[in-house]
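Worksheet: the structure to be examined is printed underneath.
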Number of protein chains: 2
Amino acid sequence: MNAPTAPAEVTRAERAARQAEVVRALLAVLPAHALLWHAEDTVPYECDGLTAYRQRPLVVALPETEAQVSAVLKACHALNAPVVARGAGTGLSGGAMPHAMGVTLSLAKFNKILSVDARSRTAVVQAGVRNLAISEAAAPHGLYYAPDPSSQIACTIGGNVAENSGGVHCLKYGLTVHNVLQVRGFTVEGEPVTFGGTALDTPGLDLLSLVIGSEGMLAVVTEVVVKLVPKPQLARCIMASFDDIQKAGDAVASVIAAGIIPAGLEMMDKPMTAAVEDFVKAGYDLNAAAILLCESDGTPEEVEEEIGRMSAVLRGCGATAIAVSRDEAERLRFWSGRKNAFPASGRISPDYMCMDSTIPRKRLADILIAIGEMEKKYGLRCANVFHAGDGNLHPLILFDANDPDQLRRCELFGADILETSVAMGGTVTGEHGVGVEKVNSMCVQFSAEENAQMFAVKRAFDTKELLNPGKVIPTLQRCAEYGKMLVRAGQISHPDLPRF
Amino acid sequence: MNAPTAPAEVTRAERAARQAEVVRALLAVLPAHALLWHAEDTVPYECDGLTAYRQRPLVVALPETEAQVSAVLKACHALNAPVVARGAGTGLSGGAMPHAMGVTLSLAKFNKILSVDARSRTAVVQAGVRNLAISEAAAPHGLYYAPDPSSQIACTIGGNVAENSGGVHCLKYGLTVHNVLQVRGFTVEGEPVTFGGTALDTPGLDLLSLVIGSEGMLAVVTEVVVKLVPKPQLARCIMASFDDIQKAGDAVASVIAAGIIPAGLEMMDKPMTAAVEDFVKAGYDLNAAAILLCESDGTPEEVEEEIGRMSAVLRGCGATAIAVSRDEAERLRFWSGRKNAFPASGRISPDYMCMDSTIPRKRLADILIAIGEMEKKYGLRCANVFHAGDGNLHPLILFDANDPDQLRRCELFGADILETSVAMGGTVTGEHGVGVEKVNSMCVQFSAEENAQMFAVKRAFDTKELLNPGKVIPTLQRCAEYGKMLVRAGQISHPDLPRF
């Protein structure tokens with residue numbers, strides 16, 4: 001498979017000469033141990049969590065100080081060398097995949113928590129600090145950092161900023177952009193820059209929101225000021241069964257329409273619960289067409305009141321059974337199934353492809369019906385697990401990658417889900433980012449003018465297009481080529497659709 | 001006073017010729033009744049809520065359809081004519097002040113509520129719809145639109161989007177950017193454009209957050225999709241007295257640090273409560289050095305629990321008296337004083353200048369002490385009313401504009417408050433925007449590089465710099481001139497400081 005950022009034809013000799021040039025420049029500003037360029041040293045950096053795309057970088061730089069980050073950027077800018085910033089490499093859309101002729105700039109050494117201030121409920125952390133480490137440092141104050149991507153034990157706050165990461169609790173507590181007050185770092189020219197601030201709002205253009213989720217295309221972030229929130233005193237979880245998947249979808253919209261923002265609101269369909277129950281014994285209702293998990297957190301009084309109201313709404317929407325976790329052990333057991341949905345799918349099918357589109361919450365039932373029809377159309381099964389409260393779908397298409405026809409049908413199935421999501425007013429990615437994986441889908445999501453507008457903003461930060469080039473925003477030419485291959489209304493015209 | 005956007009010298013004949021040219025072009029795309037250019041017709045548009053700056057526009061266009069908006073923009077772009085979009089003209093920083101050689105594009109005719117969807121809790125409204133009209137349309141569904149600037153009876157949602165408006169309840173419910181899902185409108189070239197969407201997040205760069213608060217510099221918005229939230233069942237308000245202003249400031253930080261997000265958290269000092277009580281008889285404690293108003297809303301159970309916790313924190317911080325509203329009439333009476341703070345100030349002083357800086361919440365006591373010292377330094381009184389929960393200050397400097405020396409000292413006092421706020425980690429404007437009023441202050445807030453970065457982003461949308469030129473982002477030259485006049489550490493070097 002060709003990496004989307006593969007350069008125009010470059011000979012081995014040309015690459016070696018360029019590598020020597022870049023290494024020489026970087027050795028002038030970094031200690032020798034902070035620079036890797038031999039093949040065996042750079043292989044560990046050849047991909048992130050999207051392992052389908054692999055590419056060794058020219059050089060990996062591991063600066064230890066802000067002055068070194070600045071110097072690396074200045075050197076790369078002078079040499080017109082692309083720069084790809086990297087945190088823990090857990091991203092699922094290839095945002096940290098290296099550039100063949102570029103420098104991978106690892107923030108791994110920026111792993112210090114600089115301060116935790118309980119009074120202002122903020123922490124100042126370096127970009128390479130792990131998401132969970134922030135909550136661990138805040139725990140003695142009864143505080144934690146809210147966004148909790150499933151990779152939170154490993155992923156870094158810098159990566160979270162780049163991807164605007166969410167998690168199971170983002171329905172109530174927001175995405176990264178809602179939990180970060182300020183970022184500091186460097187422009188592509190190596191100049192120090194600060195976005196946002198620790199006071200309410202900031203005047204002028206909101207460049208902080210622009211930088212969060214920009215996937216390393218606008219600046220390199222070295223330090224982040226995050227908000228901390230108090231740990232809820234109590235959390236309880238409802239497991240509700242439905243005999244009809246449409247009723248379950250409608251129940252999700254009804255809970256929100258009733259003015260309740262659950263701490264988590266997740267949905268699994270019957271193929272999913274069957275796979276999961278067989279794996280972890282979470283106690284799920286195997287007769288249900290779909291189950292919902294609805295969590296409430298807060299003071300005991302708040303939780304009791306909210307659990308009562310949610311239960312009433314779910315019953316009114318036709319829930320056939322409702323169980324409420326009686327203690328923390330049972331609550332964790334309810335969640336254990338949801339959290340093991342992906343590995344459980346791996347046990348019932350040789351391969352699966354995980355999608356990440358979103359739809360407006362009220363269209364949940366519609367997309368479920370549409371996916372059911374696609375199962376027949378493409379002759380493949382699909383297990384569904386959703387961040388339902390957000391309208392963020394994770395359909396898992398089950399297939400055997402060793403069967404080329406199944407792979408082809410799976411890819412068409414995936415493209416159909418994405419296009420149908422956009423047609424329903426949704427988006428092609430909810431929380432995994434665009435990276436290299438979804439760059440073709442951006443042609444479906446946005447008009448040529450809208451993509452051009454994003455490019456113009458990108459160039460306002462990075463005139464030479466050196467920061468993470470080839471990712472996120474498709475070129476006009478790329479969209480034109482992709483347009484020829486599009487599936488819509490059953491027109492399957494190209495057998496070699498790129499893998500989403 | 002010179003308007004900051006005054007053009008280079010243009011003779012009356014040149015202006016008349018240019019006006020004829022622009023009118024001719026716009027009459028080709030608009031009906032005659034939708035175009036104003038005679039002096040008596042354009043005078044009502046010469047300023048917004050910042051009446052200190054006045055400038056008649058060349059032409060006022062009042063399009064009635066999106067096609068007409070597009071055509072006006074295309075015509076202006078072809079003629080290189082500046083365009084200033086205008087809602088209700090209630091802004092306080094001159095964001096809608098006309099350009100002498102430009103077209104004021106009024107969105108007044110875009111006053112339709114297109115839909116209210118209780119199920120998805122959203123409304124689709126045209127840009128000229130009044131803020132309060134949205135809540136009125138949503139009321140039959142038990143919903144409302146949360147941001148509530150004090151001008152909400154008159155201001156439009158388009159203006160709210162331009163200024164990222166807040167209000168008394170934005171501590172809990174967020175600013176405009178947290179309550180808008182999507183905006184539609186036109187680029188400076190007259191091309192249709194959509195930012196954001198109705199599903200969770202959107203891929204690529206977050207241009208929606210960038211456009212919200214961009215003060216008409218990036219695009220012209222014609223339609224907005226807003227979030228609606230359920231009306232709380234109950235609201236109650238605590239009035240707490242303190243014998244020391246520092247203790248009151250610390251109490252604000254302590255309430256938030258205890259994990260409580262009040263629906264409103266406002267502070268007034270003794271000069272303010274005295275002025276207000278004399279005016280509206282709100283029942284304030286006139287012996288207190290400062291009072292806090294802390295509101296809780298939600299279900300009766302939630303409110304009872306939260307009022308109890310807030311009262312305990314306030315007592316722990318040294319509150320000398322605590323009263324809790326017993327019914328809705330008493331709650332509204334508590335708020336009547338706060339809401340009449342500005343007119344009350346008008347009764348005790350010939351003139352007042354209202355500032356709008358912010359500071360990190362934990363610095364509240366520090367800025368109050370600093371303002372107290374500035375009162376002595378500049379020989380003027382200052383009454384303080386704060387959105388304390390947000391750290392958003394509204395110090396009212398009391399002076400007599402007919403005394404030139406008082407005016408001069410007042411302006412220095414104001415500049416000193418802004419600079420001190422920035423030095424404490426705050427910002428020069430909390431909710432009133434930059435417009436023309438604070439454009440010099442942006443030189444204090446941001447480095448030359450940061451302002452240049454904002455300009456680059458602006459040009460990525462508007463290469464010819466035709467949308468609301470001269471506002472918000474200062475030029476390098478402007479900052480250099482302002483730097484010569486700066487007051488800091490008592491250096492008062494220029495007698496004619498621009499009025500903030």
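Numbering starts fresh at 1 for the residues of each chain in the structure tokens, the chains themselves are lettered A, B, ... in the order given, and ligands are numbered from 1 as they appear.
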
Using only C-alpha atoms, which residues sit within 12 Å of stretch 323-335 of chain B once same-chain residues fewer than 5 positions away are excluded, as a short mmCIF file (atom, residue, chain, number, x, y, z; two decimals) with C-alpha atoms, in the first residue's frame?
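Output file part34.cif follows:
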```
data_model
loop_
_atom_site.label_atom_id
_atom_site.label_comp_id
_atom_site.auth_asym_id
_atom_site.auth_seq_id
_atom_site.Cartn_x
_atom_site.Cartn_y
_atom_site.Cartn_z
CA VAL B 168 -24.39 36.67 33.70
CA GLN B 233 -37.02 23.97 37.40
CA LEU B 234 -35.82 26.26 40.16
CA ALA B 235 -33.26 28.98 40.82
CA ARG B 236 -32.25 30.47 44.16
CA CYS B 237 -29.68 33.13 44.99
CA ILE B 238 -27.39 33.66 47.98
CA MET B 239 -26.42 37.19 49.01
CA ALA B 240 -23.27 37.02 51.17
CA SER B 241 -21.67 39.97 52.96
CA GLY B 264 -24.07 33.08 38.44
CA LEU B 265 -21.36 34.46 40.74
CA GLU B 266 -21.19 38.25 40.90
CA MET B 267 -19.45 40.69 43.20
CA MET B 268 -20.01 44.34 44.08
CA THR B 273 -23.84 48.74 46.58
CA VAL B 276 -27.33 50.83 43.69
CA GLU B 277 -29.29 50.60 46.94
CA VAL B 280 -33.40 50.37 43.35
CA LYS B 281 -33.69 49.24 47.01
CA ALA B 282 -32.47 45.70 46.40
CA GLY B 283 -32.02 45.07 50.11
CA TYR B 284 -28.21 45.01 50.00
CA ASP B 285 -26.09 45.06 53.18
CA ILE B 291 -21.23 41.45 48.66
CA LEU B 292 -21.40 38.34 46.53
CA LEU B 293 -24.46 37.05 44.65
CA CYS B 294 -24.23 33.26 44.10
CA GLU B 295 -27.01 31.57 42.15
CA SER B 296 -27.86 27.87 41.95
CA ASP B 297 -30.28 26.37 39.43
CA VAL B 303 -30.51 23.48 44.28
CA GLU B 304 -31.00 22.64 47.97
CA GLU B 306 -25.75 23.23 46.18
CA ILE B 307 -27.05 26.19 48.20
CA GLY B 308 -26.03 24.28 51.35
CA MET B 310 -22.02 27.17 48.78
CA SER B 311 -23.23 28.65 52.09
CA LEU B 314 -18.84 31.28 52.05
CA ARG B 315 -19.06 31.03 55.86
CA ASN B 340 -28.89 48.40 37.55
CA ALA B 341 -25.28 48.95 38.54
#
```

**Q.** stretch 14-26 of chain A surroundings by only C-alpha atoms, 8 Å radius, close-in-sequence under 2 positions cut, as a ChimeraX atom specification
**A.** /A:10-12,28-30,35,37,58-59,72,75-76,79,81,101

(Q) Using only C-alpha atoms, which protein or nucleic acid residues come within 7 Å of stretch 441-457 of chain B? Drop anything in the same chain fewer than 6 positions from it, and give the result as a list in words. (A) Leu205, Val457, Ala460 and Phe461 of chain A; Glu419, Val422, Thr427, Val428, Ile473, Pro474, Leu476 and Cys479 of chain B

Output C-alpha atoms for every residue in that selection, as an mmCIF file, in the first residue's frame.
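Wrote it out as out04.cif, contents follow:
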```cif
data_model
loop_
_atom_site.group_PDB
_atom_site.id
_atom_site.type_symbol
_atom_site.label_atom_id
_atom_site.label_comp_id
_atom_site.auth_asym_id
_atom_site.auth_seq_id
_atom_site.Cartn_x
_atom_site.Cartn_y
_atom_site.Cartn_z
ATOM 1 C CA LEU A 205 -9.019 35.514 16.931
ATOM 2 C CA VAL A 457 -5.274 28.980 7.147
ATOM 3 C CA ALA A 460 -0.930 31.437 7.384
ATOM 4 C CA PHE A 461 1.053 29.498 10.028
ATOM 5 C CA GLU B 419 -2.011 46.645 31.788
ATOM 6 C CA VAL B 422 -2.450 41.507 31.569
ATOM 7 C CA THR B 427 -6.763 39.908 29.202
ATOM 8 C CA VAL B 428 -7.797 43.383 28.050
ATOM 9 C CA ILE B 473 -5.736 43.526 15.102
ATOM 10 C CA PRO B 474 -3.272 46.405 15.396
ATOM 11 C CA LEU B 476 3.050 47.011 13.813
ATOM 12 C CA CYS B 479 1.788 49.335 18.320
#
```

Strand (DSSP E or B) per DSSP on the backbone: members of stretch 92-330 of chain A, as a short mmCIF file (atom, residue, chain, number, x, y, z; two decimals) with N, CA, C and O atoms, in the first residue's frame:
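Here's the written file result.cif:
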```cif
data_model
loop_
_atom_site.label_atom_id
_atom_site.label_comp_id
_atom_site.auth_asym_id
_atom_site.auth_seq_id
_atom_site.Cartn_x
_atom_site.Cartn_y
_atom_site.Cartn_z
N VAL A 103 11.79 15.01 9.29
CA VAL A 103 12.27 14.79 10.65
C VAL A 103 11.07 14.48 11.54
O VAL A 103 10.09 15.24 11.56
N THR A 104 11.11 13.36 12.25
CA THR A 104 10.11 13.09 13.28
C THR A 104 10.62 13.71 14.57
O THR A 104 11.72 13.38 15.04
N LEU A 105 9.82 14.66 15.10
CA LEU A 105 10.23 15.40 16.30
C LEU A 105 9.48 14.81 17.48
O LEU A 105 8.31 15.10 17.69
N SER A 106 10.17 13.96 18.25
CA SER A 106 9.51 13.31 19.39
C SER A 106 9.52 14.22 20.60
O SER A 106 10.54 14.81 20.93
N ILE A 113 5.45 17.09 34.93
CA ILE A 113 4.30 17.85 35.42
C ILE A 113 4.86 19.03 36.17
O ILE A 113 5.52 18.87 37.21
N LEU A 114 4.67 20.23 35.65
CA LEU A 114 5.36 21.40 36.20
C LEU A 114 4.67 21.95 37.44
O LEU A 114 5.31 22.43 38.35
N SER A 115 3.32 21.88 37.47
CA SER A 115 2.61 22.31 38.68
C SER A 115 1.17 21.82 38.65
O SER A 115 0.60 21.62 37.58
N VAL A 116 0.63 21.59 39.84
CA VAL A 116 -0.79 21.29 40.01
C VAL A 116 -1.32 22.31 41.01
O VAL A 116 -0.81 22.39 42.13
N ASP A 117 -2.29 23.14 40.58
CA ASP A 117 -2.79 24.19 41.45
C ASP A 117 -4.26 23.89 41.77
O ASP A 117 -5.15 24.10 40.95
N THR A 122 -6.09 23.94 37.96
CA THR A 122 -5.36 23.81 36.71
C THR A 122 -4.06 23.07 36.96
O THR A 122 -3.59 23.01 38.10
N ALA A 123 -3.50 22.49 35.91
CA ALA A 123 -2.16 21.91 35.99
C ALA A 123 -1.38 22.40 34.78
O ALA A 123 -1.95 22.58 33.69
N VAL A 124 -0.08 22.62 34.97
CA VAL A 124 0.80 22.99 33.87
C VAL A 124 1.68 21.77 33.61
O VAL A 124 2.39 21.32 34.51
N VAL A 125 1.60 21.22 32.41
CA VAL A 125 2.32 19.98 32.11
C VAL A 125 3.05 20.12 30.79
O VAL A 125 2.61 20.84 29.89
N GLN A 126 4.15 19.37 30.66
CA GLN A 126 4.86 19.34 29.38
C GLN A 126 4.09 18.43 28.41
O GLN A 126 3.30 17.57 28.81
N ARG A 130 1.84 11.77 30.04
CA ARG A 130 0.72 10.89 29.70
C ARG A 130 -0.58 11.43 30.28
O ARG A 130 -0.61 11.99 31.38
N LEU A 143 -8.99 15.89 42.49
CA LEU A 143 -9.26 16.40 41.14
C LEU A 143 -8.78 15.39 40.09
O LEU A 143 -8.00 14.49 40.38
N TYR A 144 -9.24 15.55 38.85
CA TYR A 144 -8.71 14.75 37.75
C TYR A 144 -8.87 15.53 36.44
O TYR A 144 -9.56 16.55 36.40
N THR A 156 -0.23 10.89 25.15
CA THR A 156 0.28 12.10 25.79
C THR A 156 -0.68 13.27 25.60
O THR A 156 -1.48 13.29 24.66
N VAL A 180 -8.66 22.53 27.92
CA VAL A 180 -7.32 23.11 27.85
C VAL A 180 -7.46 24.62 27.81
O VAL A 180 -8.28 25.16 27.06
N LEU A 181 -6.67 25.31 28.64
CA LEU A 181 -6.75 26.77 28.74
C LEU A 181 -5.69 27.47 27.89
O LEU A 181 -5.92 28.56 27.40
N GLN A 182 -4.54 26.84 27.78
CA GLN A 182 -3.42 27.50 27.11
C GLN A 182 -2.45 26.46 26.59
O GLN A 182 -2.26 25.43 27.24
N VAL A 183 -1.86 26.71 25.43
CA VAL A 183 -0.71 25.89 25.00
C VAL A 183 0.45 26.83 24.66
O VAL A 183 0.24 27.94 24.17
N ARG A 184 1.66 26.35 24.94
CA ARG A 184 2.86 27.08 24.55
C ARG A 184 3.66 26.18 23.63
O ARG A 184 3.62 24.96 23.74
N GLY A 185 4.41 26.77 22.73
CA GLY A 185 5.22 25.96 21.85
C GLY A 185 5.99 26.85 20.89
O GLY A 185 6.36 27.98 21.25
N PHE A 186 6.22 26.31 19.69
CA PHE A 186 7.06 27.02 18.73
C PHE A 186 6.43 26.98 17.35
O PHE A 186 5.79 26.00 16.96
N PRO A 192 9.04 31.21 19.70
CA PRO A 192 8.11 30.83 20.78
C PRO A 192 6.73 31.44 20.55
O PRO A 192 6.61 32.56 20.04
N VAL A 193 5.70 30.71 20.92
CA VAL A 193 4.34 31.19 20.70
C VAL A 193 3.45 30.65 21.81
O VAL A 193 3.67 29.56 22.31
N THR A 194 2.46 31.47 22.22
CA THR A 194 1.49 31.06 23.24
C THR A 194 0.10 31.25 22.66
O THR A 194 -0.18 32.30 22.06
N PHE A 195 -0.75 30.26 22.82
CA PHE A 195 -2.14 30.40 22.39
C PHE A 195 -3.03 30.23 23.62
O PHE A 195 -2.82 29.33 24.42
N GLY A 196 -4.08 31.07 23.72
CA GLY A 196 -4.99 31.00 24.87
C GLY A 196 -4.38 31.65 26.08
O GLY A 196 -3.40 32.40 25.99
N VAL A 220 4.35 23.43 16.93
CA VAL A 220 4.79 22.31 17.78
C VAL A 220 4.57 22.73 19.24
O VAL A 220 5.11 23.75 19.68
N VAL A 221 3.75 21.97 19.95
CA VAL A 221 3.36 22.33 21.31
C VAL A 221 4.30 21.65 22.31
O VAL A 221 4.58 20.45 22.20
N THR A 222 4.83 22.44 23.28
CA THR A 222 5.73 21.87 24.28
C THR A 222 5.14 21.89 25.69
O THR A 222 5.59 21.16 26.55
N GLU A 223 4.12 22.74 25.92
CA GLU A 223 3.59 22.88 27.28
C GLU A 223 2.10 23.20 27.22
O GLU A 223 1.66 23.96 26.37
N VAL A 224 1.34 22.59 28.13
CA VAL A 224 -0.12 22.71 28.09
C VAL A 224 -0.62 23.06 29.50
O VAL A 224 -0.18 22.46 30.47
N VAL A 225 -1.55 24.02 29.59
CA VAL A 225 -2.25 24.28 30.85
C VAL A 225 -3.64 23.65 30.73
O VAL A 225 -4.42 24.03 29.85
N VAL A 226 -3.91 22.65 31.58
CA VAL A 226 -5.21 21.95 31.51
C VAL A 226 -6.08 22.35 32.69
O VAL A 226 -5.59 22.73 33.75
N LYS A 227 -7.40 22.27 32.49
CA LYS A 227 -8.36 22.39 33.59
C LYS A 227 -8.43 21.06 34.33
O LYS A 227 -8.33 20.00 33.71
N VAL A 229 -11.00 18.88 37.11
CA VAL A 229 -12.36 18.89 37.67
C VAL A 229 -12.41 17.97 38.89
O VAL A 229 -11.61 17.04 39.01
N PRO A 230 -13.35 18.25 39.80
CA PRO A 230 -13.42 17.44 41.03
C PRO A 230 -13.93 16.03 40.71
O PRO A 230 -14.82 15.86 39.89
N LEU A 234 -19.80 9.93 43.64
CA LEU A 234 -20.45 8.65 43.36
C LEU A 234 -20.74 8.56 41.87
O LEU A 234 -20.99 9.56 41.21
N ALA A 235 -20.69 7.32 41.33
CA ALA A 235 -21.15 7.08 39.95
C ALA A 235 -21.96 5.78 39.96
O ALA A 235 -21.59 4.81 40.64
N ARG A 236 -23.09 5.79 39.26
CA ARG A 236 -23.87 4.56 39.09
C ARG A 236 -24.26 4.44 37.63
O ARG A 236 -24.33 5.43 36.90
N CYS A 237 -24.49 3.21 37.19
CA CYS A 237 -24.72 2.96 35.77
C CYS A 237 -26.00 2.15 35.57
O CYS A 237 -26.23 1.16 36.26
N ILE A 238 -26.83 2.59 34.63
CA ILE A 238 -28.03 1.83 34.23
C ILE A 238 -27.67 0.98 33.02
O ILE A 238 -27.03 1.47 32.08
N MET A 239 -28.11 -0.31 33.04
CA MET A 239 -28.06 -1.13 31.82
C MET A 239 -29.51 -1.36 31.40
O MET A 239 -30.28 -1.97 32.14
N ALA A 240 -29.88 -0.85 30.23
CA ALA A 240 -31.26 -0.96 29.75
C ALA A 240 -31.33 -1.81 28.50
O ALA A 240 -30.50 -1.66 27.60
N SER A 241 -32.28 -2.74 28.44
CA SER A 241 -32.44 -3.64 27.28
C SER A 241 -33.58 -3.14 26.39
O SER A 241 -34.58 -2.63 26.89
N PHE A 242 -33.42 -3.35 25.09
CA PHE A 242 -34.47 -3.00 24.12
C PHE A 242 -34.65 -4.18 23.15
O PHE A 242 -33.67 -4.83 22.78
N GLY A 264 -22.00 9.17 30.87
CA GLY A 264 -21.67 8.31 29.73
C GLY A 264 -22.97 7.76 29.17
O GLY A 264 -23.92 7.54 29.93
N LEU A 265 -23.04 7.59 27.85
CA LEU A 265 -24.27 7.05 27.24
C LEU A 265 -23.84 6.25 26.02
O LEU A 265 -23.57 6.81 24.97
N GLU A 266 -23.73 4.93 26.22
CA GLU A 266 -23.15 4.06 25.21
C GLU A 266 -24.19 3.03 24.76
O GLU A 266 -25.09 2.67 25.52
N MET A 267 -24.03 2.52 23.55
CA MET A 267 -24.98 1.57 22.99
C MET A 267 -24.22 0.43 22.33
O MET A 267 -23.18 0.63 21.74
N MET A 268 -24.77 -0.78 22.46
CA MET A 268 -24.21 -1.96 21.77
C MET A 268 -25.36 -2.74 21.18
O MET A 268 -26.40 -2.89 21.83
N ASP A 269 -25.19 -3.29 19.96
CA ASP A 269 -26.26 -4.10 19.40
C ASP A 269 -26.03 -5.57 19.72
O ASP A 269 -25.04 -5.94 20.38
N ALA A 290 -30.65 -4.57 21.50
CA ALA A 290 -29.62 -3.58 21.81
C ALA A 290 -29.66 -3.27 23.29
O ALA A 290 -30.72 -3.37 23.93
N ILE A 291 -28.52 -2.92 23.85
CA ILE A 291 -28.52 -2.43 25.24
C ILE A 291 -27.89 -1.03 25.28
O ILE A 291 -27.06 -0.68 24.43
N LEU A 292 -28.34 -0.27 26.26
CA LEU A 292 -27.74 1.04 26.53
C LEU A 292 -27.09 1.01 27.90
O LEU A 292 -27.63 0.41 28.84
N LEU A 293 -25.94 1.65 28.03
CA LEU A 293 -25.32 1.91 29.33
C LEU A 293 -25.42 3.41 29.57
O LEU A 293 -24.95 4.21 28.75
N CYS A 294 -26.08 3.82 30.67
CA CYS A 294 -26.27 5.24 30.99
C CYS A 294 -25.71 5.50 32.36
O CYS A 294 -26.22 4.97 33.35
N GLU A 295 -24.68 6.34 32.44
CA GLU A 295 -24.05 6.58 33.74
C GLU A 295 -24.44 7.96 34.29
O GLU A 295 -24.61 8.91 33.54
N SER A 296 -24.56 8.02 35.60
CA SER A 296 -24.79 9.29 36.30
C SER A 296 -23.69 9.44 37.33
O SER A 296 -23.33 8.48 38.00
N ASP A 297 -23.14 10.65 37.46
CA ASP A 297 -22.17 10.87 38.53
C ASP A 297 -22.46 12.19 39.22
O ASP A 297 -23.15 13.05 38.68
N GLY A 298 -21.96 12.35 40.44
CA GLY A 298 -22.18 13.57 41.21
C GLY A 298 -22.28 13.26 42.69
O GLY A 298 -21.71 12.27 43.16
N ALA A 321 -36.03 -4.20 30.03
CA ALA A 321 -35.45 -4.50 31.33
C ALA A 321 -34.50 -3.37 31.70
O ALA A 321 -33.88 -2.77 30.81
N ILE A 322 -34.42 -3.08 33.00
CA ILE A 322 -33.52 -2.03 33.48
C ILE A 322 -32.81 -2.53 34.73
O ILE A 322 -33.47 -2.99 35.66
N ALA A 323 -31.49 -2.51 34.73
CA ALA A 323 -30.72 -2.87 35.93
C ALA A 323 -29.84 -1.67 36.29
O ALA A 323 -29.30 -1.01 35.40
N VAL A 324 -29.73 -1.38 37.59
CA VAL A 324 -28.88 -0.27 38.04
C VAL A 324 -27.77 -0.84 38.90
O VAL A 324 -28.03 -1.66 39.80
#
```

Q: Please return, as number ranges by chain, all residues of chain B lying within 8 Å of chain A when only C-alpha atoms are considered.
A: B: 118-121, 193, 197-207, 209-211, 213-214, 229-230, 253-254, 256-259, 301-302, 305, 358-362, 390-392, 425-431, 433-434, 442, 450, 453-454, 456-457, 459-461, 472-473

Near B:Asn384, within 9 Å and counting only C-alpha atoms, which residues show up once chain neighbours fewer than 6 positions away are dropped, as a PDB file with C-alpha atoms, in the first residue's frame?
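To be explicit, this is the file written out as part-v9.pdb:
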```pdb
ATOM      1  CA  MET B 267     -19.447  40.694  43.203  1.00  0.00           C
ATOM      2  CA  MET B 268     -20.013  44.345  44.084  1.00  0.00           C
ATOM      3  CA  ASP B 269     -17.930  46.567  46.375  1.00  0.00           C
ATOM      4  CA  LYS B 270     -19.218  49.094  48.897  1.00  0.00           C
ATOM      5  CA  PRO B 271     -19.269  52.184  46.626  1.00  0.00           C
ATOM      6  CA  MET B 272     -21.283  50.128  44.123  1.00  0.00           C
ATOM      7  CA  LEU B 368      -8.923  44.864  43.964  1.00  0.00           C
ATOM      8  CA  LEU B 393     -13.958  42.911  35.893  1.00  0.00           C
ATOM      9  CA  HIS B 394     -16.187  45.882  35.183  1.00  0.00           C
ATOM     10  CA  PRO B 395     -14.549  48.654  37.220  1.00  0.00           C
ATOM     11  CA  LEU B 396     -16.438  51.916  36.729  1.00  0.00           C
ATOM     12  CA  ILE B 397     -14.093  54.875  36.988  1.00  0.00           C
TER      13      ILE B 397
END
```

(Q) Need to verify the contact set: A:Ala108, 9 Å, only C-alpha atoms, exclusion of same-chain residues closer than 2 positions in sequence. Can you return it as number ranges by chain? (A) A: 62-64, 86-88, 106, 110-111, 127-129, 156

Q | Shell of 12 Å around B:Cys410, only C-alpha atoms, local chain residues under 2 positions omitted, as number ranges by chain | A | B: 351-355, 374-375, 377-382, 395-401, 403-408, 412-417, 495-500
